[in-house]
>>> print(open('entry21.csv').read())   # CSV, C-alpha atoms
chain,number,residue,atom,x,y,z
A,1,MET,CA,-31.5,22.1,36.6
A,2,LYS,CA,-30.9,18.6,35.3
A,3,LEU,CA,-31.7,19.4,31.7
A,4,LEU,CA,-29.3,22.3,31.6
A,5,TYR,CA,-26.7,20.3,33.5
A,6,THR,CA,-26.8,17.5,31.0
A,7,SER,CA,-26.6,19.9,28.0
A,8,THR,CA,-23.6,21.6,29.6
A,9,VAL,CA,-21.8,18.3,30.1
A,10,LEU,CA,-22.3,17.3,26.5
A,11,ALA,CA,-21.1,20.6,25.2
A,12,THR,CA,-18.0,20.5,27.4
A,13,ILE,CA,-17.2,17.0,26.3
A,14,LEU,CA,-17.5,17.9,22.6
A,15,SER,CA,-15.5,21.1,23.0
A,16,SER,CA,-12.7,19.3,24.8
A,17,SER,CA,-12.6,16.5,22.2
A,18,THR,CA,-12.4,19.1,19.4
A,19,SER,CA,-9.6,21.1,20.9
A,20,MET,CA,-7.5,18.1,21.8
A,21,ALA,CA,-7.8,16.0,18.7
A,22,PHE,CA,-5.2,16.4,15.9
A,23,THR,CA,-7.1,15.8,12.7
A,24,SER,CA,-6.8,16.6,9.1
A,25,PRO,CA,-8.0,20.0,8.0
A,26,LYS,CA,-11.0,18.5,6.4
A,27,SER,CA,-12.1,16.9,9.7
A,28,GLN,CA,-11.8,19.9,11.9
A,29,PRO,CA,-14.7,22.0,10.4
A,30,ARG,CA,-17.0,19.0,10.8
A,31,LEU,CA,-16.2,18.8,14.6
A,32,SER,CA,-16.4,22.6,15.0
A,33,ARG,CA,-19.9,22.7,13.4
A,34,THR,CA,-21.0,19.9,15.7
A,35,THR,CA,-19.7,21.7,18.8
A,36,SER,CA,-21.4,24.9,17.7
A,37,SER,CA,-24.7,23.1,17.2
A,38,VAL,CA,-24.6,21.6,20.7
A,39,THR,CA,-23.7,25.0,22.2
A,40,THR,CA,-26.6,26.6,20.4
A,41,LEU,CA,-28.9,23.9,21.6
A,42,GLN,CA,-27.7,24.3,25.1
A,43,SER,CA,-28.3,28.1,25.0
A,44,SER,CA,-31.7,27.6,23.5
A,45,LEU,CA,-32.7,25.0,26.1
A,46,ALA,CA,-31.5,27.2,28.9
A,47,GLU,CA,-33.5,30.2,27.6
A,48,ASP,CA,-36.6,28.1,27.2
A,49,VAL,CA,-36.5,26.7,30.7
A,50,ASP,CA,-35.6,30.0,32.4
A,51,THR,CA,-38.0,32.3,30.6
A,52,THR,CA,-41.0,30.3,29.5
A,53,THR,CA,-41.5,27.4,31.9
A,54,PRO,CA,-43.8,27.9,34.9
A,55,GLN,CA,-42.5,26.7,38.3
A,56,SER,CA,-45.0,23.7,38.4
A,57,ALA,CA,-44.1,22.7,34.9
A,58,LEU,CA,-40.5,23.0,35.8
A,59,GLN,CA,-40.9,20.6,38.7
A,60,LEU,CA,-42.5,18.1,36.4
A,61,THR,CA,-39.8,18.6,33.8
A,62,GLU,CA,-37.2,17.8,36.4
A,63,GLU,CA,-38.9,14.7,37.6
A,64,GLN,CA,-39.2,13.5,34.0
A,65,GLN,CA,-35.6,14.4,33.4
A,66,LEU,CA,-34.5,12.2,36.4
A,67,GLN,CA,-36.1,9.2,34.6
A,68,SER,CA,-34.7,9.9,31.2
A,69,SER,CA,-31.4,11.6,32.0
A,70,VAL,CA,-28.2,10.8,30.0
A,71,SER,CA,-26.3,8.0,31.8
A,72,LYS,CA,-22.5,8.0,32.3
A,73,ASP,CA,-22.2,5.3,29.7
A,74,ASP,CA,-24.1,7.4,27.2
A,75,ILE,CA,-21.8,10.4,27.8
A,76,GLU,CA,-18.7,8.2,27.4
A,77,SER,CA,-20.2,6.8,24.2
A,78,ILE,CA,-20.8,10.2,22.8
A,79,GLU,CA,-17.3,11.4,23.8
A,80,ALA,CA,-15.7,8.4,22.1
A,81,SER,CA,-17.8,8.9,18.9
A,82,TYR,CA,-16.6,12.4,18.4
A,83,GLU,CA,-13.0,12.1,19.7
A,84,SER,CA,-10.6,11.7,16.8
A,85,LYS,CA,-7.5,9.7,17.5
A,86,ASN,CA,-4.1,11.4,16.9
A,87,TYR,CA,-0.5,10.5,16.8
A,88,LEU,CA,-0.3,10.8,20.6
A,89,ASP,CA,-2.8,8.0,21.1
A,90,ASP,CA,-2.4,4.3,21.4
A,91,GLY,CA,-5.4,4.0,18.9
A,92,PHE,CA,-3.4,5.7,16.2
A,93,VAL,CA,-2.8,2.6,14.1
A,94,PHE,CA,-0.5,3.4,11.2
A,95,GLY,CA,-2.3,6.6,10.4
A,96,LEU,CA,-4.9,4.6,8.4
A,97,ASP,CA,-8.6,4.7,8.2
A,98,GLY,CA,-10.2,5.3,11.6
A,99,SER,CA,-7.0,6.9,13.0
A,100,GLY,CA,-8.3,10.4,12.6
A,101,LEU,CA,-6.4,11.1,9.5
A,102,GLU,CA,-7.6,11.2,5.9
A,103,ARG,CA,-5.4,9.5,3.4
A,104,PRO,CA,-4.3,11.9,0.8
A,105,LYS,CA,-5.2,11.2,-2.8
A,106,GLY,CA,-2.3,10.7,-5.2
A,107,LYS,CA,1.3,11.3,-4.2
A,108,VAL,CA,0.6,14.3,-1.9
A,109,ALA,CA,3.0,14.7,1.0
A,110,SER,CA,1.4,14.2,4.4
A,111,VAL,CA,3.3,15.1,7.6
A,112,VAL,CA,1.9,13.3,10.6
A,113,VAL,CA,3.7,14.6,13.6
A,114,GLU,CA,2.6,18.1,14.6
A,115,GLY,CA,5.5,20.5,14.3
A,116,ASP,CA,7.3,18.3,11.8
A,117,ASP,CA,8.3,19.7,8.4
A,118,LEU,CA,9.8,18.6,5.1
A,119,GLU,CA,12.2,21.5,5.0
A,120,THR,CA,15.8,20.8,6.1
A,121,THR,CA,17.0,23.1,8.9
A,122,PRO,CA,20.5,24.2,9.9
A,123,GLN,CA,19.9,22.4,13.2
A,124,GLN,CA,19.3,19.1,11.5
A,125,VAL,CA,22.4,19.6,9.3
A,126,GLY,CA,24.4,20.3,12.4
A,127,ILE,CA,23.1,17.3,14.3
A,128,VAL,CA,23.7,14.9,11.5
A,129,SER,CA,27.2,16.3,10.6
A,130,ALA,CA,28.3,16.2,14.2
A,131,THR,CA,27.0,12.6,14.7
A,132,PHE,CA,28.7,11.2,11.6
A,133,ALA,CA,31.9,13.0,12.5
A,134,GLY,CA,31.8,11.4,15.9
A,135,HIS,CA,31.2,8.0,14.4
A,136,ALA,CA,34.1,8.4,12.0
A,137,PHE,CA,36.4,9.4,14.9
A,138,PHE,CA,35.5,6.4,17.0
A,139,ALA,CA,35.9,4.1,14.0
A,140,ALA,CA,39.3,5.6,13.0
A,141,ASN,CA,40.5,5.4,16.6
A,142,ALA,CA,39.4,1.8,16.9
A,143,ILE,CA,41.3,0.8,13.7
A,144,HIS,CA,44.4,2.7,15.0
A,145,ASN,CA,44.2,0.6,18.2
A,146,LEU,CA,43.8,-2.6,16.2
A,147,LEU,CA,46.9,-1.7,14.3
A,148,SER,CA,48.8,-1.2,17.5
A,149,GLN,CA,47.6,-4.5,18.9
A,150,SER,CA,48.7,-6.3,15.8
A,151,ASP,CA,52.2,-4.7,16.0
A,152,GLY,CA,51.7,-2.7,12.9
A,153,ASN,CA,50.5,-5.6,10.7
A,154,ILE,CA,48.4,-3.8,8.1
A,155,GLU,CA,47.0,-7.0,6.5
A,156,VAL,CA,45.8,-8.4,9.9
A,157,THR,CA,44.3,-5.0,10.8
A,158,ALA,CA,42.6,-4.7,7.4
A,159,LEU,CA,41.1,-8.2,7.6
A,160,THR,CA,39.9,-7.7,11.2
A,161,SER,CA,38.4,-4.4,10.4
A,162,LEU,CA,36.6,-5.6,7.3
A,163,ALA,CA,35.2,-8.6,9.1
A,164,THR,CA,34.0,-6.4,12.0
A,165,ILE,CA,32.4,-4.0,9.5
A,166,LEU,CA,30.7,-6.8,7.6
A,167,ALA,CA,29.3,-8.3,10.8
A,168,SER,CA,28.1,-4.9,11.9
A,169,TRP,CA,26.3,-4.4,8.6
A,170,VAL,CA,24.5,-7.7,8.8
A,171,LEU,CA,23.5,-7.2,12.4
A,172,ALA,CA,22.5,-3.6,11.6
A,173,ASP,CA,20.0,-5.0,9.2
A,174,LEU,CA,18.6,-7.2,12.0
A,175,GLY,CA,18.6,-4.2,14.3
A,176,SER,CA,16.7,-2.1,11.8
A,177,GLY,CA,14.1,-4.9,11.6
A,178,VAL,CA,13.7,-5.1,15.4
A,179,LEU,CA,13.5,-1.3,15.6
A,180,HIS,CA,11.1,-1.0,12.7
A,181,TRP,CA,8.9,-3.8,14.2
A,182,SER,CA,8.8,-2.2,17.6
A,183,VAL,CA,8.0,1.3,16.6
A,184,ASP,CA,5.4,0.2,14.0
A,185,ASN,CA,3.6,-1.9,16.6
A,186,TYR,CA,4.0,-0.3,20.0
A,187,GLY,CA,4.0,3.1,21.7
A,188,ASN,CA,2.8,6.4,20.4
A,189,GLY,CA,3.8,10.1,20.2
A,190,ARG,CA,4.0,10.4,23.9
A,191,THR,CA,6.5,7.6,24.4
A,192,PRO,CA,9.7,9.0,26.0
A,193,ILE,CA,12.7,9.5,23.7
A,194,MET,CA,11.3,7.5,20.9
A,195,GLY,CA,7.9,9.2,20.6
A,196,ASN,CA,8.6,11.3,17.4
A,197,ILE,CA,10.2,8.3,15.7
A,198,ILE,CA,7.2,6.0,16.6
A,199,ALA,CA,4.7,8.5,15.3
A,200,ALA,CA,6.7,9.1,12.1
A,201,PHE,CA,7.1,5.4,11.4
A,202,GLN,CA,3.4,4.6,12.1
A,203,GLY,CA,2.2,7.6,10.2
A,204,HIS,CA,4.5,6.7,7.2
A,205,HIS,CA,2.0,4.0,6.3
A,206,SER,CA,-0.7,6.6,5.5
A,207,ALA,CA,1.4,8.3,2.8
A,208,PRO,CA,4.6,6.3,2.3
A,209,TRP,CA,5.8,8.5,-0.6
A,210,THR,CA,6.1,11.5,1.8
A,211,ILE,CA,9.6,10.3,2.8
A,212,THR,CA,10.8,10.9,-0.8
A,213,TYR,CA,10.2,14.6,-0.3
A,214,ARG,CA,12.7,14.9,2.6
A,215,GLY,CA,16.3,16.0,2.2
A,216,PHE,CA,19.0,13.8,3.6
A,217,CYS,CA,19.4,15.5,7.0
A,218,ASN,CA,15.7,16.1,7.4
A,219,ASN,CA,15.1,12.4,6.8
A,220,VAL,CA,17.7,10.9,9.2
A,221,TRP,CA,18.3,13.3,12.0
A,222,LYS,CA,15.7,11.8,14.4
A,223,LEU,CA,17.7,8.6,14.5
A,224,CYS,CA,20.8,10.5,15.6
A,225,ILE,CA,19.2,10.7,19.0
A,226,PRO,CA,19.2,7.0,20.0
A,227,PHE,CA,22.2,6.1,17.7
A,228,GLY,CA,24.3,9.2,18.2
A,229,VAL,CA,27.8,10.0,19.6
A,230,PRO,CA,26.7,9.5,23.3
A,231,THR,CA,25.7,5.9,22.5
A,232,VAL,CA,28.9,5.0,20.8
A,233,GLY,CA,30.9,6.9,23.3
A,234,ALA,CA,29.3,5.0,26.3
A,235,ILE,CA,29.9,1.6,24.7
A,236,THR,CA,33.5,2.5,23.8
A,237,TYR,CA,34.1,3.6,27.4
A,238,LEU,CA,32.5,0.4,28.9
A,239,ALA,CA,34.5,-1.8,26.5
A,240,GLY,CA,37.8,-0.2,27.3
A,241,PRO,CA,40.8,0.5,25.0
A,242,GLU,CA,41.7,-3.1,25.0
A,243,HIS,CA,38.6,-4.0,22.9
A,244,PRO,CA,38.8,-1.7,19.9
A,245,MET,CA,36.7,-4.1,17.8
A,246,VAL,CA,33.7,-3.4,20.0
A,247,SER,CA,34.0,0.4,19.4
A,248,LEU,CA,34.4,-0.2,15.7
A,249,PHE,CA,31.5,-2.6,15.5
A,250,PHE,CA,29.1,-0.1,17.2
A,251,ALA,CA,30.3,2.9,15.4
A,252,VAL,CA,29.5,1.2,12.1
A,253,PHE,CA,26.3,-0.3,13.6
A,254,CYS,CA,24.9,3.1,14.7
A,255,PHE,CA,25.9,4.7,11.4
A,256,ASN,CA,24.0,2.0,9.5
A,257,GLU,CA,20.9,2.4,11.8
A,258,ILE,CA,20.8,6.1,11.0
A,259,MET,CA,21.5,5.5,7.3
A,260,SER,CA,18.7,2.9,7.2
A,261,GLN,CA,16.1,5.7,6.9
A,262,GLU,CA,17.8,7.0,3.8
A,263,LEU,CA,18.1,3.5,2.3
A,264,HIS,CA,14.4,3.2,3.2
A,265,LYS,CA,13.7,6.4,1.3
A,266,TRP,CA,15.5,5.1,-1.8
A,267,SER,CA,13.3,2.0,-1.8
A,268,HIS,CA,10.3,4.3,-2.3
A,269,MET,CA,11.8,6.1,-5.2
A,270,THR,CA,11.9,5.1,-8.9
A,271,LYS,CA,15.1,4.2,-10.6
A,272,LYS,CA,15.1,7.5,-12.5
A,273,GLU,CA,14.8,9.4,-9.2
A,274,VAL,CA,18.0,8.1,-7.6
A,275,PRO,CA,21.6,8.1,-8.8
A,276,GLU,CA,22.7,5.1,-10.7
A,277,TRP,CA,25.0,3.9,-7.9
A,278,VAL,CA,22.0,3.6,-5.7
A,279,ASN,CA,20.3,1.3,-8.2
A,280,THR,CA,23.5,-0.7,-8.3
A,281,MET,CA,23.6,-1.0,-4.5
A,282,GLN,CA,20.0,-2.3,-4.5
A,283,ASP,CA,20.7,-4.7,-7.3
A,284,LEU,CA,23.7,-6.1,-5.4
A,285,GLY,CA,21.6,-6.4,-2.2
A,286,ILE,CA,23.8,-3.9,-0.3
A,287,SER,CA,20.7,-1.7,0.4
A,288,ILE,CA,17.0,-2.6,0.6
A,289,GLY,CA,15.4,-2.9,-2.8
A,290,ARG,CA,12.0,-1.6,-4.0
A,291,VAL,CA,10.3,-4.9,-4.5
A,292,ALA,CA,11.5,-6.3,-1.2
A,293,HIS,CA,10.3,-3.3,0.8
A,294,ALA,CA,7.0,-3.1,-1.1
A,295,LYS,CA,6.1,-6.4,0.5
A,296,HIS,CA,6.1,-4.7,3.9
A,297,HIS,CA,3.6,-2.1,2.8
A,298,MET,CA,0.8,-4.6,2.6
A,299,ALA,CA,-1.7,-4.7,5.4
A,300,PRO,CA,-1.4,-5.8,8.2
A,301,TYR,CA,2.3,-4.8,7.8
A,302,ASP,CA,3.5,-7.9,9.7
A,303,GLY,CA,6.8,-8.7,7.9
A,304,ASN,CA,9.8,-7.5,5.9
A,305,TYR,CA,10.8,-5.1,8.6
A,306,CYS,CA,14.5,-4.9,7.9
A,307,ILE,CA,15.5,-1.9,5.9
A,308,VAL,CA,19.3,-1.7,5.7
A,309,SER,CA,19.8,-4.5,3.2
A,310,GLY,CA,16.8,-6.8,3.9
A,311,ILE,CA,19.2,-9.7,4.1
A,312,CYS,CA,17.6,-10.9,7.4
A,313,ASN,CA,13.9,-10.6,6.3
A,314,GLU,CA,13.4,-14.1,4.9
A,315,ALA,CA,14.9,-15.8,7.9
A,316,LEU,CA,13.0,-13.7,10.4
A,317,ASP,CA,9.6,-14.0,8.7
A,318,ASN,CA,9.9,-17.8,8.0
A,319,SER,CA,11.0,-18.4,11.6
A,320,GLY,CA,8.1,-16.4,13.0
A,321,PHE,CA,10.5,-14.4,15.1
A,322,PHE,CA,8.4,-11.2,15.4
A,323,ARG,CA,5.2,-13.2,16.1
A,324,TRP,CA,7.0,-15.0,18.9
A,325,MET,CA,8.1,-11.6,20.2
A,326,GLU,CA,4.5,-10.2,20.0
A,327,HIS,CA,3.3,-13.3,21.9
A,328,ARG,CA,5.9,-12.7,24.7
A,329,VAL,CA,4.9,-9.0,24.9
A,330,TYR,CA,1.3,-9.9,25.2
A,331,GLU,CA,1.9,-12.5,27.9
A,332,MET,CA,3.9,-10.0,29.9
A,333,ASN,CA,1.6,-7.0,29.8
A,334,GLY,CA,-1.4,-7.8,27.7
A,335,VAL,CA,-0.5,-5.2,25.0
A,336,GLU,CA,-1.4,-6.2,21.5
A,337,SER,CA,0.6,-5.3,18.4
A,338,ASN,CA,-0.9,-2.9,15.8
A,339,SER,CA,-0.7,-5.7,13.3
A,340,TRP,CA,-3.0,-7.8,15.5
A,341,LYS,CA,-5.5,-4.9,15.5
A,342,LEU,CA,-5.6,-4.9,11.7
A,343,ASP,CA,-5.8,-8.7,11.3
A,344,PRO,CA,-7.7,-10.7,13.9
A,345,GLU,CA,-6.7,-13.9,12.2
A,346,LEU,CA,-3.0,-13.0,12.6
A,347,ARG,CA,-3.7,-12.5,16.3
A,348,ALA,CA,-5.4,-15.9,16.6
A,349,ARG,CA,-2.6,-17.7,14.8
A,350,THR,CA,0.0,-16.1,17.0
A,351,LEU,CA,-1.8,-17.0,20.2
A,352,ARG,CA,-2.0,-20.6,18.9
A,353,GLY,CA,1.7,-20.6,18.5
A,354,GLU,CA,1.7,-20.5,14.7
A,355,TYR,CA,4.4,-17.9,14.3
A,356,ALA,CA,5.6,-18.3,10.7
A,357,LEU,CA,4.1,-16.0,8.1
A,358,PRO,CA,2.0,-17.8,5.5
A,359,LYS,CA,3.8,-18.0,2.1
>>> encode(input="entry21.csv", output="structure tokens")
Amino acid sequence: MKLLYTSTVLATILSSSTSMAFTSPKSQPRLSRTTSSVTTLQSSLAEDVDTTTPQSALQLTEEQQLQSSVSKDDIESIEASYESKNYLDDGFVFGLDGSGLERPKGKVASVVVEGDDLETTPQQVGIVSATFAGHAFFAANAIHNLLSQSDGNIEVTALTSLATILASWVLADLGSGVLHWSVDNYGNGRTPIMGNIIAAFQGHHSAPWTITYRGFCNNVWKLCIPFGVPTVGAITYLAGPEHPMVSLFFAVFCFNEIMSQELHKWSHMTKKEVPEWVNTMQDLGISIGRVAHAKHHMAPYDGNYCIVSGICNEALDNSGFFRWMEHRVYEMNGVESNSWKLDPELRARTLRGEYALPK
């Protein structure tokens, strides 16, 4: 019967949306009660039709139902209204209002990715330790090869190594900005390889202080996947032993990219919560400072992406580099950045070619 069929469709849609959505604990009971109500209504309607409606009245009811049946658009609208977005969806924009998550009140830790935890595990310690040991090996081997190429000249080797490390540190800041911009604005939890990192970065905006509750290895281990030993090893192999500076550069570069998450964490902590040497590094501009990074945490989160030292932020934002990149991405595949979704005016300016951020 058409009435029973429509009720069943609605109940199935709502049940499916409830089971698939990853929402905050406060949101789940509301969806569950809605589903229960629809199921009860379905049962009641079915009972009324089957036990109390005469055949002639039933025919009339079906004819009336054909005229007033729920359309496909109505069903899709109902589905959309009840389906909460989660960290696996493209609609999960920074874990903010409308994303399916409730922003915690006060400095309450909020873990976005399902299965993630603030507790450091032996596996995380092992991954981070092995990664950094591998980076150190490649760096030491590169410096040894540089020494051999300079016929044992320690001064030349030292200067060459320091220059390479300094260049790697600067470009690692640039790299952290490009990475941060890309994972903040594109992809979701289902994105291959980078899915967990994307979800963690985007969800970070809903409760940025959560990062301060993480231990060192718990905080940085995810970045050991794209910037780990296999990456440095592959680059070193491709460069060959005759180019040890390439190996040294990328060993330091990948180390800094992994460490950027810890430098990022320090920028969310007060001066009293970190060792004094961390405050000194921030004051000297060696690592990203609190004030500089706080500018990023202002909607629509469209600038100050670099989180190693922040030395590249001003040049990138003033030049409109990231807006130019967003415009190119949009031209290629029609995908809009999350910042555009939060600020239609930013979108309009970018499409007009006005890339530099307003001062």
>>> closest_residue(input="entry21.csv", among="A:Gly233, A:Pro226, A:Gly310, A:Gly175", to="Gln282 of chain A", atoms="all atoms listed in the file")
A:Gly310
>>> residues_around(input="entry21.csv", residues="Val170 of chain A", least_positions_apart="5", cutoff="12 Å", atoms="all atoms listed in the file", output="PDB file with C-alpha atoms, in the coordinates of the input")
ATOM      1  CA  ALA A 163      35.200  -8.600   9.100  1.00  0.00           C
ATOM      2  CA  THR A 164      34.000  -6.400  12.000  1.00  0.00           C
ATOM      3  CA  ILE A 165      32.400  -4.000   9.500  1.00  0.00           C
ATOM      4  CA  GLY A 175      18.600  -4.200  14.300  1.00  0.00           C
ATOM      5  CA  SER A 176      16.700  -2.100  11.800  1.00  0.00           C
ATOM      6  CA  GLY A 177      14.100  -4.900  11.600  1.00  0.00           C
ATOM      7  CA  PHE A 249      31.500  -2.600  15.500  1.00  0.00           C
ATOM      8  CA  VAL A 252      29.500   1.200  12.100  1.00  0.00           C
ATOM      9  CA  PHE A 253      26.300  -0.300  13.600  1.00  0.00           C
ATOM     10  CA  ASN A 256      24.000   2.000   9.500  1.00  0.00           C
ATOM     11  CA  GLU A 257      20.900   2.400  11.800  1.00  0.00           C
ATOM     12  CA  GLY A 285      21.600  -6.400  -2.200  1.00  0.00           C
ATOM     13  CA  ILE A 286      23.800  -3.900  -0.300  1.00  0.00           C
ATOM     14  CA  SER A 287      20.700  -1.700   0.400  1.00  0.00           C
ATOM     15  CA  CYS A 306      14.500  -4.900   7.900  1.00  0.00           C
ATOM     16  CA  ILE A 307      15.500  -1.900   5.900  1.00  0.00           C
ATOM     17  CA  VAL A 308      19.300  -1.700   5.700  1.00  0.00           C
ATOM     18  CA  SER A 309      19.800  -4.500   3.200  1.00  0.00           C
ATOM     19  CA  GLY A 310      16.800  -6.800   3.900  1.00  0.00           C
ATOM     20  CA  ILE A 311      19.200  -9.700   4.100  1.00  0.00           C
ATOM     21  CA  CYS A 312      17.600 -10.900   7.400  1.00  0.00           C
ATOM     22  CA  ASN A 313      13.900 -10.600   6.300  1.00  0.00           C
TER      23      ASN A 313
END
>>> atom_distance(input="entry21.csv", atom1="atom CA of Glu119 of chain A", atom2="atom CA of Phe216 of chain A")
10.4 Å
>>> atom_distance(input="entry21.csv", atom1="atom CA of Trp221 of chain A", atom2="atom CA of Thr191 of chain A")
18.0 Å
>>> atom_distance(input="entry21.csv", atom1="atom CA of Thr212 of chain A", atom2="atom CA of Glu314 of chain A")
25.8 Å
>>> residues_around(input="entry21.csv", residues="Gln123 of chain A", least_positions_apart="6", cutoff="12 Å", atoms="only C-alpha atoms", output="number ranges by chain")
A: 129-130, 217-218, 221-222
>>> closest_residue(input="entry21.csv", among="A:His243, A:His205, A:Arg323, A:His268", to="Ser148 of chain A", atoms="all atoms listed in the file")
A:His243
>>> residues_around(input="entry21.csv", residues="segment 133-144 of chain A", least_positions_apart="3", cutoff="6 Å", atoms="only C-alpha atoms", output="VMD selection string")
chain A and resid 130 147 229 244 248 251
>>> closest_residue(input="entry21.csv", among="A:Gly215, A:Gly203, A:Gly152, A:Gly189", to="Thr120 of chain A", atoms="all atoms listed in the file")
A:Gly215
>>> closest_residue(input="entry21.csv", among="A:Trp209, A:Phe132, A:Phe250, A:Trp340", to="Ala172 of chain A", atoms="all atoms listed in the file")
A:Phe250
>>> closest_residue(input="entry21.csv", among="A:Tyr301, A:Trp324, A:Tyr186, A:Trp181", to="Ser339 of chain A", atoms="all atoms listed in the file")
A:Tyr301
>>> residues_around(input="entry21.csv", residues="segment 329-331 of chain A", least_positions_apart="6", cutoff="12 Å", atoms="only C-alpha atoms", output="list in words")
Ser182, Asn185, Tyr186, Phe322, Arg323, Ser337, Asn338, Trp340, Arg347, Thr350 and Leu351 of chain A
>>> closest_residue(input="entry21.csv", among="A:Arg328, A:Arg214, A:His264, A:His204", to="Thr121 of chain A", atoms="all atoms listed in the file")
A:Arg214
